[in-house]
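Asker: This is the structure I have questions about; it appears just below.
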Protein chains: 2
Amino acid sequence: MIQSTGASSPVSPGRARCMMTSNMCGCREGRYGCTAVSTERCSVSTGLRSWMQPKQEGEFLIRHARVAPPAKKCAFVLTRDGRPVKVQRTIFSECFYTMAMDELWKATGDPRYQREAVEMMDQIIYWVRVNPTGLGQPQLSGAPKVDSMAVPMMLLNLVDQLGQDDNKMSRKYAELGEWCSQQILKHLQRDGQLVLENVSKDGTEIPGCLGRQQNPGHALEAGWFLLRYAIRQRNPELKTHIIEKFMVQPFHSGWDNENGGIFYFQDADKFCPTQLEWDMKLWWPHSEAMIAFLMGYSETKDPNLLNLFCQVAEYTFERFPDMKHGEWYGYLNREGKVALSFKGGPFKGCFHVPRCLYMCEELLKALLVAS
Amino acid sequence: MIQSTGASSPVSPGRARCMMTSNMCGCREGRYGCTAVSTERCSVSTGLRSWMQPKQEGEFLIRHARVAPPAKKCAFVLTRDGRPVKVQRTIFSECFYTMAMDELWKATGDPRYQREAVEMMDQIIYWVRVNPTGLGQPQLSGAPKVDSMAVPMMLLNLVDQLGQDDNKMSRKYAELGEWCSQQILKHLQRDGQLVLENVSKDGTEIPGCLGRQQNPGHALEAGWFLLRYAIRQRNPELKTHIIEKFMVQPFHSGWDNENGGIFYFQDADKFCPTQLEWDMKLWWPHSEAMIAFLMGYSETKDPNLLNLFCQVAEYTFERFPDMKHGEWYGYLNREGKVALSFKGGPFKGCFHVPRCLYMCEELLKALLVAS
């Protein structure tokens, strides 16, 4: 019996492609493109420039990411020469494609990239809000009707991305942004005591472990997406609400008081989660938590949030970076020891770490300037 | 970001259905049916009889397991009232359905059950050897052309099941049995030094971590399937070869000399596997190892194999059973501590434990009688 086979490949330290299988991850490549262009544009990380070639990467994506153009479904994994290896029946590869195209448009000014971004964005909205059949997921009569927090989170992040420095896009997706924020807020359950990953379509708790599932790092990531939304909306009540419910609460629920670090999964009733990796400490919840608390502190100057940022940062920088070869490990066991020694794999690409370092550096610089 | 969501439910100790989501696992239910009927037939476990009702379970499967009859694809998970929740794009749910139907035929003598078993078996053979498109897996140009050991293993187990006490079926599937054994033997690679889970269609090693993947418990399970085949074939050279290559070697490669127990995944070149759970100790590799070594000892009287059985049994019975509430835990961490406290979940059903206990009891009884 095989329970699961996460089939992709470790990569050499500091390299973003899976050299050992000759494959690359389309979804991750999207994030990669976005982060690469973003860092390039803002000139914060000149060390990265030598091996990042955003325009070539963008052209590669345009040529190869879609599995059967003109249809818009994108591959999750591609071979190095651009043939699709794996397609997911979700919207996420397409979202990262959109993100990469929009960043590329902002970096180069080439309108073709913006057209690509907007066309894909509108297709994603159609899948999410009108008709999901194009995603290829069969509709089964016993499958629970569930709203996962990942979908509106991802879309809210895209609304932010496309609307940044672009009033026209900001107006185009204003209603969508409001819808996304309401959809995410639906996941705050049990009289506002906790964030659940999956709720019913009408925003109630669903039975079973799927309904009880918590993912503290995900709640924190949703937290800073929502906080940016509240900032754009100039809504101080929403800001306060989000910091409390999507940052402070999930952190206190998810922090391992015995060993430090943020648990990957939890069960709202303290049963054992069904994910084998539930008690592991992953790099990305810690990256997202640092962004969330630093952004929260920048907005409120509440010293408690700065302390939480420091608590996460201390654990993170002590445990995750490989001080000898560079880059971060991705997966620690419950006790905080490295459990998987590769730096890039099926899900750990060049996305969360540079986004975290870049955003935290920007936030800290602004705080220094203001002080 | 969510890396994975194994969505199903813990169950109460000693109960085989997922009470908390009202769902049950079709694939597991097939195994369950098979084990239930098997134990019923052989009257080894009267304690189980009170809650196992094989005929009702069989009728439930006939009515509900297939997603869109007369097509033969079966659900992997059903609701308690029989609606499909999840369908896998593999042959395994259908294999367990076949196994359950065949056992039910042998227990009841009702020819309808045998007809069901044989019709499904022939469909599975068509998917595997002629045309897999009915399984619903899209053919992607970059996807590696890979043979997984799980497929011929499962089929060889079915050949054994259907042919047992049935000369007609034994003859019908004789060629298939030979084909399966050859397919499994293809996975012995690197000059016979190790068993790889995935090889190319023509039996060579494939590049990347997918090609380097080892699963010692799976090799041991394949080992005793092959050993039974060699016994039926009265082939002593094959017996010796299998015991060495599919039992002793994978065990010595997979045993954790520091903490005890069999690792879940390994990499043939000692790189870090990409599966987050690679260093966990799961109940089923230990169950399968006990069967393998006891069967090997029964055949050869080699005391080394008895010692290996004892080594695995000692670890297993010390760590996995819940001495207070009964049943076995399924998932220990690297150090052998319980990592997930439920007794039944998305993949741990009522299959490996009773099969192991029943088969080991039968083997030990026969050894006692013979001595």
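In the structure tokens, chains take the letters A, B, ... in the order shown, each chain's residues start at 1, and ligands count up from 1 in the order shown.
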Using only C-alpha atoms, which residues sit within 12 Å of Arg112 (chain B) once same-chain residues fewer than 6 positions away are excluded, as a count of residues only?
Answerer: 10
Asker: Running DSSP on the backbone, which parts of region 74-316 of chain B land in alpha helix (DSSP H), as a PyMOL selection string?
Answerer: chain B and resi 92-108+111-129+150-163+167-172+174-185+208-212+216-232+236-242+249-254+283-300+303-316
Asker: Quick one: pull the distance between CA of Phe342 (chain B) and CA of Lys281 (chain B), Å, one decimal.
Answerer: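 CA of Phe342 (chain B) sits 14.8 Å away from CA of Lys281 (chain B).
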Asker: Compile the contact shell of region 266-274 of chain A as a VMD selection string: residues with an atom at most 12 Å away, counting only C-alpha atoms, same-chain residues fewer than 5 positions apart removed.
Answerer: (chain A and resid 188 to 190 193 to 198 205 to 219 250 to 251 253 to 256 279 to 280) or (chain B and resid 4 to 12 20 329 to 331 338 to 348)
